[in-house]
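*Asks:* Got a file for you: query-v4.txt, compact mmCIF, C-alpha atoms and all ligand atoms.
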```txt
# COMPACT_ATOMS: atom_id res chain seq x y z
CA MET A 1 29.79 -14.53 -13.52
CA PHE A 2 27.21 -16.81 -15.07
CA ALA A 3 28.13 -20.24 -16.25
CA CYS A 4 28.90 -18.75 -19.64
CA ALA A 5 32.53 -19.88 -19.61
CA LEU A 6 31.45 -23.45 -19.10
CA VAL A 7 28.75 -23.08 -21.64
CA LEU A 8 31.17 -21.73 -24.21
CA ALA A 9 33.80 -24.34 -23.42
CA SER A 10 31.34 -27.15 -23.86
CA GLY A 11 29.85 -25.58 -26.93
CA ALA A 12 26.45 -25.50 -25.28
CA CYS A 13 25.26 -22.48 -27.16
CA ALA A 14 27.86 -22.58 -29.90
CA ASP A 15 27.14 -22.40 -33.57
CA ARG A 16 25.72 -25.60 -34.94
CA ALA A 17 26.82 -24.53 -38.38
CA THR A 18 30.28 -25.81 -37.48
CA THR A 19 28.79 -29.24 -36.86
CA PRO A 20 26.26 -30.07 -39.56
CA PRO A 21 22.91 -31.02 -38.08
CA ALA A 22 22.50 -34.74 -37.62
CA ALA A 23 19.95 -36.42 -39.83
CA ASP A 24 17.77 -37.02 -36.82
CA ALA A 25 17.90 -33.41 -35.64
CA PRO A 26 14.27 -32.60 -34.92
CA THR A 27 12.62 -30.09 -37.16
CA THR A 28 10.58 -27.97 -34.82
CA THR A 29 7.17 -27.16 -36.09
CA MET A 30 4.83 -27.65 -33.16
CA PRO A 31 5.05 -26.97 -29.47
CA SER A 32 4.78 -29.98 -27.24
CA GLN A 33 1.76 -28.91 -25.16
CA PRO A 34 -1.54 -30.69 -25.54
CA PRO A 35 -4.06 -28.63 -27.53
CA ALA A 36 -6.41 -28.41 -24.51
CA ARG A 37 -4.45 -25.66 -22.75
CA PRO A 38 -5.92 -22.16 -22.56
CA SER A 39 -5.71 -20.44 -25.91
CA ARG A 40 -5.30 -16.93 -24.55
CA SER A 41 -2.40 -15.80 -22.40
CA ALA A 42 -2.70 -13.51 -19.38
CA ALA A 43 -1.14 -10.81 -21.55
CA GLY A 44 -4.14 -11.20 -23.87
CA TYR A 45 -2.55 -12.95 -26.83
CA ASP A 46 -3.97 -15.90 -28.69
CA VAL A 47 -1.44 -18.67 -28.06
CA THR A 48 -3.30 -21.54 -29.72
CA PRO A 49 -0.64 -23.64 -31.45
CA LEU A 50 -0.64 -22.89 -35.18
CA PRO A 51 -1.22 -25.74 -37.63
CA PRO A 52 1.93 -26.91 -39.49
CA THR A 53 0.65 -25.50 -42.78
CA LYS A 54 0.38 -22.03 -41.27
CA VAL A 55 3.87 -22.29 -39.74
CA LYS A 56 5.22 -23.35 -43.13
CA GLU A 57 3.59 -20.38 -44.80
CA LEU A 58 5.00 -17.92 -42.23
CA ALA A 59 8.45 -19.53 -42.26
CA SER A 60 8.67 -19.29 -46.04
CA LYS A 61 9.00 -15.53 -45.66
CA LEU A 62 12.04 -15.71 -43.36
CA ASP A 63 15.60 -14.92 -44.34
CA PRO A 64 17.88 -18.00 -44.49
CA GLU A 65 19.48 -17.39 -41.06
CA ALA A 66 16.14 -16.90 -39.30
CA TYR A 67 14.84 -20.01 -41.06
CA ARG A 68 17.86 -22.08 -40.03
CA VAL A 69 17.61 -20.98 -36.39
CA THR A 70 13.84 -21.19 -35.89
CA GLN A 71 12.92 -24.16 -38.09
CA ASN A 72 16.04 -26.32 -37.76
CA ALA A 73 17.03 -25.46 -34.18
CA GLY A 74 20.14 -23.62 -35.31
CA THR A 75 22.34 -21.44 -33.13
CA GLU A 76 23.92 -18.24 -34.30
CA PRO A 77 27.60 -17.58 -33.51
CA ALA A 78 28.23 -15.86 -30.16
CA PHE A 79 28.62 -12.08 -30.25
CA CYS A 80 27.24 -11.97 -33.80
CA GLY A 81 23.52 -11.41 -33.28
CA ASN A 82 22.23 -7.93 -34.03
CA LEU A 83 20.20 -7.69 -30.80
CA LEU A 84 22.94 -8.61 -28.33
CA ASP A 85 23.85 -5.01 -27.49
CA ASN A 86 20.42 -3.52 -28.11
CA LYS A 87 19.69 -1.37 -25.05
CA LYS A 88 16.55 0.29 -26.36
CA GLN A 89 13.24 -0.03 -24.54
CA GLY A 90 10.75 -2.22 -26.27
CA THR A 91 9.54 -5.71 -27.04
CA TYR A 92 11.15 -8.71 -28.71
CA VAL A 93 8.67 -10.73 -30.74
CA CYS A 94 8.88 -14.11 -32.48
CA VAL A 95 10.40 -13.56 -35.93
CA VAL A 96 7.96 -16.13 -37.36
CA CYS A 97 4.55 -15.37 -35.83
CA ALA A 98 5.19 -12.01 -34.05
CA LEU A 99 4.10 -13.23 -30.59
CA PRO A 100 5.73 -10.93 -28.00
CA LEU A 101 8.30 -13.05 -26.14
CA PHE A 102 10.70 -10.86 -24.21
CA SER A 103 10.93 -7.28 -22.98
CA SER A 104 13.85 -4.89 -22.59
CA GLU A 105 12.80 -4.68 -18.93
CA HIS A 106 14.10 -8.22 -18.36
CA LYS A 107 17.24 -8.07 -20.53
CA PHE A 108 20.65 -8.32 -18.92
CA ASN A 109 24.24 -8.62 -20.02
CA SER A 110 25.17 -12.26 -19.43
CA GLY A 111 28.59 -12.02 -21.07
CA THR A 112 27.80 -15.10 -23.13
CA GLY A 113 27.47 -13.41 -26.48
CA TRP A 114 23.77 -14.08 -26.86
CA PRO A 115 20.87 -11.78 -25.88
CA SER A 116 19.79 -12.84 -22.40
CA PHE A 117 16.65 -12.27 -20.34
CA HIS A 118 15.68 -13.36 -16.85
CA SER A 119 11.95 -13.75 -17.70
CA PRO A 120 9.62 -13.97 -20.69
CA VAL A 121 6.89 -11.32 -21.12
CA ASP A 122 4.36 -14.02 -20.30
CA PRO A 123 5.20 -17.60 -19.27
CA ALA A 124 2.49 -18.86 -21.63
CA HIS A 125 4.37 -17.41 -24.62
CA VAL A 126 7.50 -19.52 -24.24
CA ALA A 127 7.37 -23.33 -24.27
CA GLU A 128 10.16 -25.51 -22.90
CA LYS A 129 11.32 -28.99 -23.74
CA SER A 130 14.27 -31.15 -22.88
CA ASP A 131 17.03 -31.16 -25.50
CA ALA A 132 19.58 -33.99 -25.29
CA SER A 133 21.48 -33.08 -28.47
CA HIS A 134 25.24 -32.43 -28.51
CA GLY A 135 25.88 -34.78 -25.61
CA MET A 136 24.23 -32.50 -23.06
CA VAL A 137 20.85 -32.22 -21.48
CA ARG A 138 19.57 -28.68 -21.88
CA THR A 139 16.16 -27.05 -21.87
CA GLU A 140 15.21 -25.79 -25.29
CA ILE A 141 12.84 -22.83 -25.53
CA ASN A 142 10.32 -22.41 -28.31
CA CYS A 143 7.65 -19.96 -29.30
CA ALA A 144 4.51 -21.40 -27.68
CA ARG A 145 2.39 -20.45 -30.68
CA CYS A 146 4.41 -21.39 -33.76
CA GLY A 147 7.02 -23.70 -32.21
CA ALA A 148 9.97 -21.65 -33.49
CA HIS A 149 13.26 -22.63 -31.87
CA LEU A 150 14.43 -19.64 -29.83
CA GLY A 151 17.40 -20.86 -27.78
CA HIS A 152 17.79 -22.43 -24.34
CA VAL A 153 17.06 -21.56 -20.74
CA PHE A 154 19.63 -22.12 -17.97
CA ASP A 155 19.36 -21.82 -14.20
CA ASP A 156 22.36 -19.51 -13.74
CA GLY A 157 20.57 -16.21 -14.31
CA PRO A 158 20.18 -13.19 -12.07
CA ARG A 159 17.37 -12.29 -9.71
CA PRO A 160 14.44 -12.31 -9.52
CA THR A 161 14.05 -15.63 -11.37
CA GLY A 162 17.58 -17.02 -11.33
CA LEU A 163 16.99 -18.01 -14.95
CA ARG A 164 18.91 -17.10 -18.07
CA TYR A 165 16.95 -17.27 -21.30
CA CYS A 166 19.69 -17.48 -23.92
CA LEU A 167 18.32 -16.27 -27.25
CA ASN A 168 19.27 -16.19 -30.87
CA SER A 169 18.86 -12.69 -32.28
CA ALA A 170 17.75 -14.29 -35.54
CA ALA A 171 14.68 -15.75 -33.81
CA LEU A 172 13.53 -12.31 -32.67
CA ARG A 173 12.33 -9.04 -34.06
CA PHE A 174 12.56 -5.92 -31.94
CA PHE A 175 9.96 -3.17 -31.68
CA ASP A 176 10.70 0.10 -29.93
CA LYS A 177 8.37 0.85 -27.04
CA GLY A 178 5.08 2.19 -28.36
CA THR A 179 5.52 0.80 -31.89
CA LEU A 180 4.35 -2.78 -31.42
CA PRO A 181 1.70 -3.44 -34.10
CA PRO A 182 -1.58 -5.21 -33.34
CA ASP A 183 -1.18 -8.97 -33.21
CA ALA A 184 -2.42 -10.27 -36.54
CA LEU A 185 -2.92 -13.77 -35.15
CA THR A 186 -4.93 -12.79 -32.10
CA LYS A 187 -8.57 -13.17 -33.00
CA ASP A 188 -9.86 -10.21 -31.06
CA PRO A 189 -7.01 -7.71 -31.01
CA THR A 190 -8.65 -5.06 -28.86
CA GLY A 191 -7.27 -3.01 -26.05
CA LEU A 192 -4.52 -4.65 -24.09
CA ALA A 193 -4.89 -7.85 -26.03
CA ARG A 194 -2.66 -5.93 -28.41
CA GLY A 195 -0.10 -5.30 -25.70
CA GLU A 196 1.74 -2.09 -26.34
CA ALA A 197 -0.12 -1.72 -29.58
CA ALA A 198 -2.62 0.25 -27.57
CA ALA A 199 0.12 2.79 -26.99
CA ALA A 200 0.88 3.01 -30.69
CA SER A 201 -2.73 3.34 -31.67
CA ALA A 202 -3.57 6.70 -33.15
CA SER A 203 -7.16 6.32 -32.13
CA GLY A 204 -8.69 6.11 -28.70
CA THR A 205 -9.21 2.89 -26.81
CA PRO A 206 -12.28 2.07 -24.76
CA ALA A 207 -11.83 2.99 -21.13
CA ALA A 208 -11.78 -0.45 -19.58
CA ALA A 209 -9.95 -2.57 -22.18
CA ALA A 210 -7.60 -4.92 -20.35
CA PRO A 211 -7.13 -8.64 -19.76
CA ALA A 212 -9.45 -9.95 -17.06
CA SER A 213 -6.75 -10.10 -14.40
CA MET A 214 -5.65 -6.50 -14.92
CA GLN A 215 -7.48 -3.24 -14.32
CA VAL A 216 -7.11 0.24 -15.73
CA ALA A 217 -7.20 3.56 -13.92
CA TYR A 218 -6.76 7.11 -15.25
CA PHE A 219 -5.28 10.01 -13.31
CA ALA A 220 -4.82 13.63 -14.35
CA GLY A 221 -2.66 15.78 -12.11
CA GLY A 222 -0.93 18.36 -14.25
CA CYS A 223 1.86 17.69 -16.70
CA PHE A 224 1.67 13.97 -17.49
CA TRP A 225 5.44 13.43 -17.67
CA GLY A 226 5.93 13.27 -13.91
CA ILE A 227 2.64 11.51 -13.16
CA GLU A 228 3.48 8.80 -15.69
CA HIS A 229 6.97 8.47 -14.25
CA TRP A 230 5.84 7.82 -10.69
CA PHE A 231 3.04 5.46 -11.67
CA SER A 232 5.47 3.50 -13.86
CA LEU A 233 7.54 2.87 -10.71
CA CYS A 234 4.61 1.61 -8.67
CA PRO A 235 4.79 -2.09 -7.72
CA GLY A 236 1.95 -3.96 -9.44
CA VAL A 237 1.66 -1.44 -12.28
CA SER A 238 2.47 -3.07 -15.63
CA ALA A 239 2.14 0.04 -17.76
CA ALA A 240 1.75 3.79 -17.36
CA GLU A 241 1.03 5.76 -20.47
CA SER A 242 0.57 9.47 -21.12
CA GLY A 243 -2.45 10.66 -23.07
CA TYR A 244 -5.45 12.94 -23.28
CA MET A 245 -8.94 12.47 -21.91
CA GLY A 246 -12.08 14.25 -20.88
CA GLY A 247 -12.39 16.61 -23.85
CA ARG A 248 -14.31 16.92 -27.07
CA THR A 249 -11.68 16.63 -29.81
CA LYS A 250 -11.13 13.18 -31.36
CA ASP A 251 -7.49 12.07 -31.74
CA PRO A 252 -6.10 15.31 -30.32
CA THR A 253 -2.46 16.33 -30.76
CA TYR A 254 -0.38 17.86 -27.98
CA LYS A 255 -0.43 21.14 -29.84
CA GLN A 256 -4.21 21.13 -29.98
CA VAL A 257 -4.48 20.28 -26.30
CA CYS A 258 -2.14 23.18 -25.46
CA TYR A 259 -3.52 25.83 -27.77
CA ASP A 260 -7.03 24.87 -28.80
CA ASP A 261 -10.09 24.54 -26.67
CA THR A 262 -10.23 20.73 -26.75
CA GLY A 263 -11.31 20.30 -23.13
CA HIS A 264 -8.84 17.42 -22.70
CA ALA A 265 -6.76 16.93 -19.61
CA GLU A 266 -3.25 15.51 -19.68
CA VAL A 267 -3.88 12.10 -18.21
CA VAL A 268 -1.98 8.93 -17.37
CA LYS A 269 -3.41 5.51 -18.08
CA VAL A 270 -2.34 3.06 -15.38
CA VAL A 271 -2.64 -0.69 -15.97
CA PHE A 272 -2.43 -2.50 -12.68
CA ASP A 273 -2.77 -5.90 -11.09
CA PRO A 274 -5.29 -5.49 -8.25
CA SER A 275 -3.77 -8.48 -6.45
CA LYS A 276 -0.52 -6.50 -6.12
CA VAL A 277 -1.68 -2.90 -5.79
CA THR A 278 -5.15 -1.78 -4.85
CA TYR A 279 -7.01 1.11 -6.42
CA ARG A 280 -6.98 2.71 -3.00
CA GLN A 281 -3.15 2.59 -2.96
CA LEU A 282 -3.05 4.17 -6.41
CA LEU A 283 -5.28 6.96 -5.08
CA GLU A 284 -2.99 7.47 -2.10
CA GLY A 285 0.03 7.80 -4.38
CA PHE A 286 -1.81 10.08 -6.79
CA PHE A 287 -2.70 12.56 -4.03
CA MET A 288 0.92 12.59 -2.89
CA ILE A 289 2.40 13.55 -6.27
CA HIS A 290 0.18 16.50 -7.14
CA ASP A 291 -1.68 19.34 -5.45
CA PRO A 292 -5.42 18.66 -5.77
CA THR A 293 -6.32 22.11 -4.44
CA GLN A 294 -5.10 24.03 -7.49
CA LEU A 295 -7.95 24.66 -9.92
CA ASN A 296 -6.98 24.13 -13.57
CA ARG A 297 -3.27 24.40 -12.90
CA GLN A 298 -0.27 22.72 -11.28
CA GLY A 299 2.37 25.22 -10.25
CA PRO A 300 3.69 26.98 -13.33
CA ASP A 301 1.46 24.99 -15.70
CA VAL A 302 -1.81 26.87 -16.11
CA GLY A 303 -4.88 25.78 -18.10
CA ASP A 304 -7.65 23.20 -17.86
CA GLN A 305 -5.40 20.60 -19.50
CA TYR A 306 -3.55 20.59 -16.15
CA ARG A 307 -6.65 20.04 -14.05
CA SER A 308 -6.78 17.47 -11.30
CA ALA A 309 -9.12 14.69 -12.36
CA ILE A 310 -9.82 11.01 -11.95
CA PHE A 311 -11.47 9.15 -14.82
CA CYS A 312 -13.03 6.01 -13.39
CA THR A 313 -13.50 2.77 -15.31
CA SER A 314 -16.14 1.39 -12.95
CA ALA A 315 -18.72 2.54 -10.44
CA GLU A 316 -16.56 0.96 -7.70
CA GLN A 317 -13.63 3.17 -8.68
CA ALA A 318 -15.83 6.26 -8.62
CA THR A 319 -17.16 5.38 -5.17
CA ALA A 320 -13.67 4.71 -3.86
CA ALA A 321 -12.28 7.93 -5.34
CA ARG A 322 -15.07 10.08 -3.89
CA ALA A 323 -14.78 8.40 -0.49
CA PHE A 324 -11.03 8.93 -0.43
CA ILE A 325 -11.39 12.62 -1.28
CA ASP A 326 -13.97 12.95 1.51
CA GLU A 327 -11.55 11.30 3.88
CA LEU A 328 -8.74 13.67 2.93
CA SER A 329 -11.03 16.67 3.30
CA LYS A 330 -12.29 15.59 6.72
CA ALA A 331 -8.71 15.01 7.86
CA GLY A 332 -7.89 18.59 6.90
CA SER A 333 -5.21 17.48 4.44
CA PHE A 334 -3.64 20.10 2.19
CA GLY A 335 -3.93 22.75 4.90
CA GLY A 336 -7.69 22.43 4.92
CA LYS A 337 -7.92 23.86 1.41
CA ARG A 338 -10.73 22.56 -0.79
CA ILE A 339 -9.86 19.59 -3.00
CA VAL A 340 -10.99 20.42 -6.55
CA THR A 341 -10.24 17.03 -8.14
CA GLN A 342 -12.96 16.03 -10.62
CA VAL A 343 -14.23 12.47 -10.46
CA THR A 344 -15.77 11.30 -13.73
CA GLU A 345 -16.91 7.91 -14.98
CA GLY A 346 -15.90 6.66 -18.42
CA GLY A 347 -14.37 8.58 -21.30
CA THR A 348 -12.08 7.80 -24.20
CA PHE A 349 -8.33 7.76 -23.73
CA TYR A 350 -6.14 9.07 -26.55
CA ALA A 351 -2.47 8.05 -26.29
CA ALA A 352 -0.08 10.96 -26.46
CA GLU A 353 2.63 11.20 -29.09
CA ASP A 354 5.56 8.80 -28.63
CA TYR A 355 7.94 11.58 -27.61
CA HIS A 356 5.88 12.21 -24.48
CA GLN A 357 6.09 8.60 -23.29
CA ASP A 358 8.73 7.85 -20.65
CA TYR A 359 9.75 11.49 -20.86
CA VAL A 360 11.30 11.63 -17.40
CA SER A 361 13.36 8.46 -17.77
CA LYS A 362 14.43 9.52 -21.29
CA THR A 363 15.45 13.04 -20.33
CA GLY A 364 16.22 12.80 -16.63
CA ARG A 365 13.96 15.78 -16.16
CA ALA A 366 11.91 15.32 -13.03
CA CYS A 367 8.72 16.87 -11.84
CA HIS A 368 5.98 16.08 -9.35
CA GLY A 369 8.10 15.63 -6.25
CA THR A 370 9.31 12.34 -4.92
CA ASN A 371 8.53 8.65 -5.14
CA PRO A 372 5.30 8.08 -3.14
CA TRP A 373 5.36 4.28 -3.19
CA PRO A 374 7.69 3.58 -0.26
CA GLU A 375 5.24 5.46 1.95
CA VAL A 376 2.12 3.97 0.36
CA PHE A 377 3.35 0.39 0.68
CA GLY A 378 5.51 0.75 3.75
CA THR A 379 9.11 1.55 3.00
CA ALA A 380 10.63 -1.80 2.16
CA LYS A 381 8.05 -3.07 -0.31
CA GLY A 382 7.59 0.17 -2.20
CA ALA A 383 11.31 0.78 -2.46
CA ALA A 384 11.98 -2.75 -3.62
CA GLY A 385 9.30 -2.58 -6.26
CA ALA A 386 10.59 0.75 -7.53
CA ALA A 387 14.18 -0.43 -7.66
CA GLY A 388 13.17 -3.58 -9.48
CA LYS A 389 11.49 -1.76 -12.33
CA HIS A 390 14.15 0.75 -13.35
ZN ZN B 1 6.16 -17.74 -33.00
```
What does this structure look like when you write it as structure tokens?
*Replies:*
Amino acid sequence: MFACALVLASGACADRATTPPAADAPTTTMPSQPPARPSRSAAGYDVTPLPPTKVKELASKLDPEAYRVTQNAGTEPAFCGNLLDNKKQGTYVCVVCALPLFSSEHKFNSGTGWPSFHSPVDPAHVAEKSDASHGMVRTEINCARCGAHLGHVFDDGPRPTGLRYCLNSAALRFFDKGTLPPDALTKDPTGLARGEAAAASASGTPAAAAPASMQVAYFAGGCFWGIEHWFSLCPGVSAAESGYMGGRTKDPTYKQVCYDDTGHAEVVKVVFDPSKVTYRQLLEGFFMIHDPTQLNRQGPDVGDQYRSAIFCTSAEQATAARAFIDELSKAGSFGGKRIVTQVTEGGTFYAAEDYHQDYVSKTGRACHGTNPWPEVFGTAKGAAGAAGKH
């Protein structure tokens, strides 16, 4: 399939332990970029190169194998790394400085014996440099922040990038989806600057917290499992997360939302790239996957937690949402029945318990009809985006 046979035959990724490192083998402590590059990645992480003293301090806590791989450009034996067959959803971070590097979304089975990905979580998190050791010219990959040796990147990977990032398990630490801790080395670890940490946070996050290039929208349309599922398949949506919003109780539990009078609605937080999907398109999809004419219920689910609502993070969103509802009403959509969807500005989002996240993909249980995105985008684009994500 991939050039793994060649790679193995030539020892390209093979264990350097069998050939003791040459005296001139570079000890990797710093990435090669000039210090002038932007210090914050699009994903919101501080990627300023760490000073050698800090790297030394962090590396001193590593186990011997992780130290050998990351600090002395070592390679673990094929088929021996503990993350090769890991199929769980989540994030792979640098074992030294905890910068998120790769996601389960981009992992594939390369057959080479090393964990393989077709893309990094953010291109600014992985630095590349030419590596002429072992009689070959390869491209070494390093953590952009602490310089840790990670592995190599080859151009025989699958779509969409055609790249194969060949990793050492020992250079990575895996966090299940929703458990990524705040980034200790990011100076202002708020909102999405903490990546999925926002999902793990027990407390609420401010409504509009996201990197500058991304925007956040909140939709409530009955049981959040199905709403989250369809938004997670939308092209241009980087994250869809179930939670609670619009009520009075701080840090509510699911039980409280169901049985107490918290006033919260089951809501889905949608993080999207407005250059790929517009707020208007999100609205179109939202009104296709729920019935906005049912007051405080969706089908069998009855109660104000199932109300139809849009929590807007800006005045522009509120204007767009109201205008779209007007449009639907004037067009006589939904059999001319009154649309009862609430449009509210602001509010605090409380992430739901982990077991509610990705409920539909975890259980196969479906609700809220069919995939709206092929119709919203025009069949080909929506279908391609949906297929590419799951
Ligand atoms: Zn690192």
*Asks:* Would you pick out the contacts of segment 298-311 of chain A at 10 Å or less, using all atoms listed in the file, so that residues sharing its chain but fewer than 6 positions from it are not included, and give the list as a ChimeraX atom specification?
*Replies:* /A:207,216-224,244-247,257-259,261-269,283,286-287,290-292,317-318,321-322,339-349,368
*Asks:* Give me, as a PDB file with C-alpha atoms, keeping the file's coordinate frame, the set of residues whose atoms come within 9 Å of any atom of ligand ZN 1 (chain B), counting only C-alpha atoms and all ligand atoms.
*Replies:*
```pdb
ATOM      1  CA  LEU A  50      -0.640 -22.890 -35.180  1.00  0.00           C
ATOM      2  CA  VAL A  55       3.870 -22.290 -39.740  1.00  0.00           C
ATOM      3  CA  THR A  70      13.840 -21.190 -35.890  1.00  0.00           C
ATOM      4  CA  VAL A  93       8.670 -10.730 -30.740  1.00  0.00           C
ATOM      5  CA  CYS A  94       8.880 -14.110 -32.480  1.00  0.00           C
ATOM      6  CA  VAL A  95      10.400 -13.560 -35.930  1.00  0.00           C
ATOM      7  CA  VAL A  96       7.960 -16.130 -37.360  1.00  0.00           C
ATOM      8  CA  CYS A  97       4.550 -15.370 -35.830  1.00  0.00           C
ATOM      9  CA  ALA A  98       5.190 -12.010 -34.050  1.00  0.00           C
ATOM     10  CA  LEU A  99       4.100 -13.230 -30.590  1.00  0.00           C
ATOM     11  CA  PRO A 100       5.730 -10.930 -28.000  1.00  0.00           C
ATOM     12  CA  LEU A 101       8.300 -13.050 -26.140  1.00  0.00           C
ATOM     13  CA  HIS A 125       4.370 -17.410 -24.620  1.00  0.00           C
ATOM     14  CA  ASN A 142      10.320 -22.410 -28.310  1.00  0.00           C
ATOM     15  CA  CYS A 143       7.650 -19.960 -29.300  1.00  0.00           C
ATOM     16  CA  ALA A 144       4.510 -21.400 -27.680  1.00  0.00           C
ATOM     17  CA  ARG A 145       2.390 -20.450 -30.680  1.00  0.00           C
ATOM     18  CA  CYS A 146       4.410 -21.390 -33.760  1.00  0.00           C
ATOM     19  CA  GLY A 147       7.020 -23.700 -32.210  1.00  0.00           C
ATOM     20  CA  ALA A 148       9.970 -21.650 -33.490  1.00  0.00           C
ATOM     21  CA  HIS A 149      13.260 -22.630 -31.870  1.00  0.00           C
ATOM     22  CA  ALA A 171      14.680 -15.750 -33.810  1.00  0.00           C
TER      23      ALA A 171
END
```
*Asks:* So what do you get for atom CA of Ala78 of chain A versus atom CA of Thr112 of chain A, distance-wise?
*Replies:* 7.1 Å
*Asks:* Enter the distance from atom CA of Tyr165 of chain A to atom CA of Glu76 of chain A, in Å, rounded to one decimal.
*Replies:*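 It comes out at 14.8 Å.
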*Asks:* Mind giving me the straight-line distance from atom CA of Thr186 of chain A to atom CA of Arg68 of chain A in Å, one decimal?
*Replies:*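 Taking atom CA of Thr186 of chain A as the start and atom CA of Arg68 of chain A as the end point, the length is 25.9 Å.
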*Asks:* Which residue is closest to Val277 of chain A? Choose from A:Phe108, A:Tyr67, A:Phe174, A:Phe231 and count only C-alpha atoms.
*Replies:*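 Checking each candidate against Val277 of chain A, we get A:Phe231 as the closest.
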